[in-house]
Amino acid sequence: MKYAASARSTSILIVGLGGQGILHLSKVLAFAAQRKARFVCRSEFRGLSQRGGSVQSAVRYGQSPVVPILDFHSADLILSMDALEAVRALDFLSEDGLLLTDSAVIPPLHVVRSWERQAGNANILAGEFREKLSDRLSARMKTFQFDLNGLAKKAGHLKTANMVLLGAASWFIPFSLDELHLAIKSCVMPALLEPNLAAFGLGREVAKPKCLSTMPMEQAVSVLTTSFVE
Amino acid sequence: MSRSLAVTVAEREIDQTTSSSEVISADEAVAFAALDAGIAYSSAYPGTPTTDIQETILKHADLNQVKALWSINEKVAYESALAVAIGGQRALVSMKQVGLNVAADAFMNSCPAGVNGGLVLVVGDEPACHSSQNKQDTRHYRNLSGAVLLEPSDSQEAYDMTREAFAVSERFSLPVIIRLTTRTAYGCTPVLRRKARNSRPAFSWPKQPERFFIVPQVSRRLFKRLLERQVELGDWLVKSSYTVRRLDGLQARYRRGVLCTGIGYPLAKENVPHNWSLLKVAGEPFPDDLLSEFVRQHDEVLVLEEGDPLLEARVRHVSKGTKVRGRLSDDLTQFGELQVREICAAIEGTPRPLPPPNTDLPTRLPEICKPCGYHKVFAALKEIPDIATPSDIGCNSLGGMPPYSVMDGVWAMGSSIGVACGLAAMGHSRVLAIIGDSTFYHAGLPPLIEAVQEGYRLTVLLLDNGTAAMTGGQPVPHHFDSAPAPLARKIDLALLIKAIGVRSCTTFDPHVLGVMGIRELVSSSFEVPGVKVLLYRSQCGLFTPGYHTSEPFSLKQKGG
């Protein structure tokens, strides 16, 4: 079940690790939402992110008051920069929610160490771990995995993987391309605008066949656009 | 009832589509409010969830001609801000909830005599202990001190309340506490800044010993006045626009209402049905009669407050048949933050839902950064048998977690050395106190002096990485990037230790010495009587890329 009277609001949860641009992505989305919705808020959870901890940020907006708190089973959309964090975030996804994630994973240091103890070649165990995560994600409807880093590299800047993710998400969020471009422009340094927009474009391009072939557009979009129906 | 209760204030709602508001955290909002209120001084000690306040102020301090700094500890932060406010200027001081324990002596004793200029103390509570060792609720300190406490529910209110808090502080000549909690501090909501105040009174230090020299006869007189003030403060709180009272629930056959404060208010706005009454408590001392009247008007009241069930306990006491739901009634969890799922269940009258079961996924606990020299130190300690290892707050406490797990315990700032003193006094001969550099300056010096004075046999492993790393790399007294003032001097840490009279102070670079060398160094230190300091010197790569270990320093004192 979905908690709260959220019929008139939308909740997007962004997860990943410190340094992956989670908070930046959340700011871009909040900027776009602020121009359309009556109520907007964001939350930041970055505890000890600089020491390998996870970072989470929720963006919530709608036509009725929203609070910067997201409970379990309440996110309409989850954007993840790490496959492990994506699986962890599944508890927050609403029943018919949508999840887009990087297919790569940065395993915690203590896990890597245990792999090294177990096997001479930790890469084999790392591969198995990655497979398991992928299976758990695939077991759920409406979850899609992308090679964000590969696309970011293609866009000319590794740090733009978060914008690749936004590009992929752009099919499902009720903001026009102009609105999203403006939001990106307003939130990044001018020197980095070019690769950010390129990354956004690549993400959008890749997501179209991948997501929309398996799910009718109306069904995907209906998840997130209800909030603007007065 | 004599007090006017006709307080129904329309809700403040900003139409964001047309406004130029910015979505910022309450931490940032507090900082901007203080700058706009014309503060002359801002002091703080870093700690989640309030670090961002001072970080924001530091970015804008020069432009606003504000003296802003990271203090040596919360007590000094509070005392220096107090002096500024006694002299008629406005001052902000911010800290985390446990920081107020350190500043409590100064804070408690500053309330009776009060201030002339506005003094605002921002405290960040962590009801779920995200980055804290406890969940203490700052409202207890408010009740002890008689100061004013305002509890913002979102960033706009954090801005408005902080702006007004300075004027309130001046009007009642009392410090004002702004209580943030993790969710309000890090929650980002739209904020509209108002025009900054550009006049600033001259600083003038008053000569009023009859007011500020709080010997017993002065204290007794001041305390009486402070008690009388409480009624005036309650009146002001009730009349302020931050108190919201709607009595929609009285129309229903079964009258229900929600009593809320802080983050409880937006939670109520989103989740509580419109046909319920609502009383939002803006802060303390909120008058009892208004609370009890609200409760008695209803058949059922749900209490939404972050932290301890203080309001709930107060209204249960006077409820007279009204059903009061909250943490004490077990409708909401007794420990931790308010949960939407629990609030919804309490509204619907269904059983309290449980969170999803713990997953089998590997955790992402905070870990020591890969290049950090701490790895070598903790690997060495793992190999030394039979040692007592009281440790301290900061990155060094990560050594208490897997894979090293070499710490016996961590209590409070600086307590590694204080606890080591007790161990040495009981005759333990292999005592190793582990403490970081920032924590050492904060509260490690007094116990080190005691240890030397008592001639205890103990070793202090002082981990100098040149910064307060855990909280984001704030400067320490022996290392800062640029001198804040022409006469500012870096502290010579080794010389300071020598001056106290420790028996030996050995400086080492963990990367040069290696695990074996460190193990040898620590082990052999137990053979020597007296207080020994092993001074680790290796930069924190994360925050101080320009930090260089000072000249090799080794001090071996014979005798003494």
# chains A, B, ... in the order shown; residues from 1 in each chain; ligands from 1
call {"tool": "closest_atom_pairs", "arguments": {"of": "chain B", "to": "chain A", "cutoff": "6 Å", "atoms": "only C-alpha atoms", "output": "Markdown table"}}
result
| residue | atom | partner | partner_atom | distance |
| --- | --- | --- | --- | --- |
| B:Gln16 | CA | A:Arg38 | CA | 5.8 |
| B:Thr17 | CA | A:Arg35 | CA | 5.3 |
| B:Tyr186 | CA | A:Glu44 | CA | 5.6 |
| B:Gly187 | CA | A:Ser43 | CA | 4.5 |
| B:Cys188 | CA | A:Arg42 | CA | 4.8 |
| B:Thr189 | CA | A:Cys41 | CA | 4.6 |
| B:Pro266 | CA | A:Val67 | CA | 5.6 |
| B:Glu270 | CA | A:Pro65 | CA | 5.4 |
| B:Asn271 | CA | A:Ala4 | CA | 5.7 |
| B:Arg341 | CA | A:Tyr3 | CA | 5.8 |
| B:Arg364 | CA | A:Gly53 | CA | 5.2 |
| B:Leu365 | CA | A:Gly53 | CA | 5.9 |
| B:Pro366 | CA | A:Arg51 | CA | 4.9 |
| B:Glu367 | CA | A:Arg51 | CA | 5.1 |
call {"tool": "select_by_dssp", "arguments": {"residues": "range 190-240 of chain B", "states": "alpha helix (DSSP H)", "output": "PDB file with C-alpha atoms, in the first residue's frame"}}
result
ATOM      1  CA  PRO B 209      27.954  44.006  38.148  1.00  0.00           C
ATOM      2  CA  GLU B 210      24.611  44.137  39.980  1.00  0.00           C
ATOM      3  CA  ARG B 211      23.226  42.299  36.955  1.00  0.00           C
ATOM      4  CA  PHE B 212      26.032  40.182  35.561  1.00  0.00           C
ATOM      5  CA  PRO B 216      23.846  34.123  45.241  1.00  0.00           C
ATOM      6  CA  GLN B 217      22.080  37.337  46.272  1.00  0.00           C
ATOM      7  CA  VAL B 218      22.039  38.544  42.656  1.00  0.00           C
ATOM      8  CA  SER B 219      20.955  35.114  41.372  1.00  0.00           C
ATOM      9  CA  ARG B 220      17.977  34.925  43.716  1.00  0.00           C
ATOM     10  CA  ARG B 221      16.685  38.280  42.509  1.00  0.00           C
ATOM     11  CA  LEU B 222      17.295  37.464  38.840  1.00  0.00           C
ATOM     12  CA  PHE B 223      15.674  34.062  39.160  1.00  0.00           C
ATOM     13  CA  LYS B 224      12.467  35.603  40.482  1.00  0.00           C
ATOM     14  CA  ARG B 225      12.368  37.889  37.467  1.00  0.00           C
ATOM     15  CA  LEU B 226      13.059  35.008  35.115  1.00  0.00           C
ATOM     16  CA  LEU B 227      10.060  33.144  36.536  1.00  0.00           C
ATOM     17  CA  GLU B 228       7.804  36.162  36.005  1.00  0.00           C
ATOM     18  CA  ARG B 229       9.062  36.423  32.448  1.00  0.00           C
ATOM     19  CA  GLN B 230       7.700  32.970  31.647  1.00  0.00           C
ATOM     20  CA  VAL B 231       4.117  34.247  31.604  1.00  0.00           C
ATOM     21  CA  GLU B 232       4.997  37.134  29.279  1.00  0.00           C
ATOM     22  CA  LEU B 233       6.870  34.738  27.020  1.00  0.00           C
ATOM     23  CA  GLY B 234       3.892  32.401  26.883  1.00  0.00           C
ATOM     24  CA  ASP B 235       1.639  35.296  25.913  1.00  0.00           C
ATOM     25  CA  TRP B 236       4.010  36.335  23.165  1.00  0.00           C
ATOM     26  CA  LEU B 237       4.218  32.782  21.809  1.00  0.00           C
ATOM     27  CA  VAL B 238       0.437  32.393  21.705  1.00  0.00           C
ATOM     28  CA  LYS B 239      -0.034  35.696  19.913  1.00  0.00           C
TER      29      LYS B 239
END
call {"tool": "residues_around", "arguments": {"residues": "Leu535 in chain B", "least_positions_apart": "3", "cutoff": "6 Å", "atoms": "only C-alpha atoms", "output": "number ranges by chain"}}
result
B: 462, 506-507
call {"tool": "residues_around", "arguments": {"residues": "Arg200 in chain B", "least_positions_apart": "5", "cutoff": "10 Å", "atoms": "only C-alpha atoms", "output": "list of chain:residue names"}}
result
B:Ala37, B:Gly38, B:Ile39, B:Ala40, B:Gly88, B:Gln89, B:Arg90
call {"tool": "select_by_dssp", "arguments": {"residues": "range 403-515 of chain B", "states": "strand (DSSP E)", "output": "VMD selection string"}}
result
chain B and resid 409 to 410 432 to 436 458 to 464 504 to 508
call {"tool": "atom_distance", "arguments": {"atom1": "CA of Pro371 in chain B", "atom2": "CA of Val515 in chain B"}}
result
14.2 Å
call {"tool": "residues_around", "arguments": {"residues": "Val533 in chain B", "least_positions_apart": "6", "cutoff": "9 Å", "atoms": "only C-alpha atoms", "output": "MDAnalysis selection string"}}
result
chainID B and resid 458:462 497 502:507 525
call {"tool": "residues_around", "arguments": {"residues": "Phe146 in chain A", "least_positions_apart": "5", "cutoff": "7 Å", "atoms": "only C-alpha atoms", "output": "list of chain:residue names"}}
result
A:Thr101, A:Asp102, A:Ser103
call {"tool": "write_last_selection", "arguments": {"atoms": "C-alpha atoms", "output": "PDB file, in the first residue's frame"}}
result
ATOM      1  CA  THR A 101      19.284   2.611 -12.203  1.00  0.00           C
ATOM      2  CA  ASP A 102      22.884   2.359 -13.229  1.00  0.00           C
ATOM      3  CA  SER A 103      23.714  -1.279 -13.912  1.00  0.00           C
TER       4      SER A 103
END
call {"tool": "residues_around", "arguments": {"residues": "Phe480 in chain B", "least_positions_apart": "6", "cutoff": "9 Å", "atoms": "only C-alpha atoms", "output": "list in words"}}
result
Gly466, Thr467, Gln474, Lys490 and Tyr547 of chain B
call {"tool": "write_last_selection", "arguments": {"atoms": "N, CA and C atoms", "output": "JSON list (two decimals), in the first residue's frame"}}
result
[["chain", "number", "residue", "atom", "x", "y", "z"],
["B", 466, "GLY", "N", 45.33, 17.07, 10.91],
["B", 466, "GLY", "CA", 45.32, 18.45, 10.46],
["B", 466, "GLY", "C", 43.95, 19.04, 10.23],
["B", 467, "THR", "N", 42.90, 18.35, 10.68],
["B", 467, "THR", "CA", 41.57, 18.89, 10.42],
["B", 467, "THR", "C", 40.52, 18.18, 11.28],
["B", 474, "GLN", "N", 36.82, 21.00, 8.95],
["B", 474, "GLN", "CA", 36.99, 22.33, 9.52],
["B", 474, "GLN", "C", 38.42, 22.46, 10.07],
["B", 490, "LYS", "N", 49.32, 29.99, 14.51],
["B", 490, "LYS", "CA", 49.06, 28.56, 14.60],
["B", 490, "LYS", "C", 49.62, 28.04, 15.92],
["B", 547, "TYR", "N", 47.99, 20.16, 3.19],
["B", 547, "TYR", "CA", 48.55, 20.03, 4.53],
["B", 547, "TYR", "C", 49.83, 19.22, 4.53]]
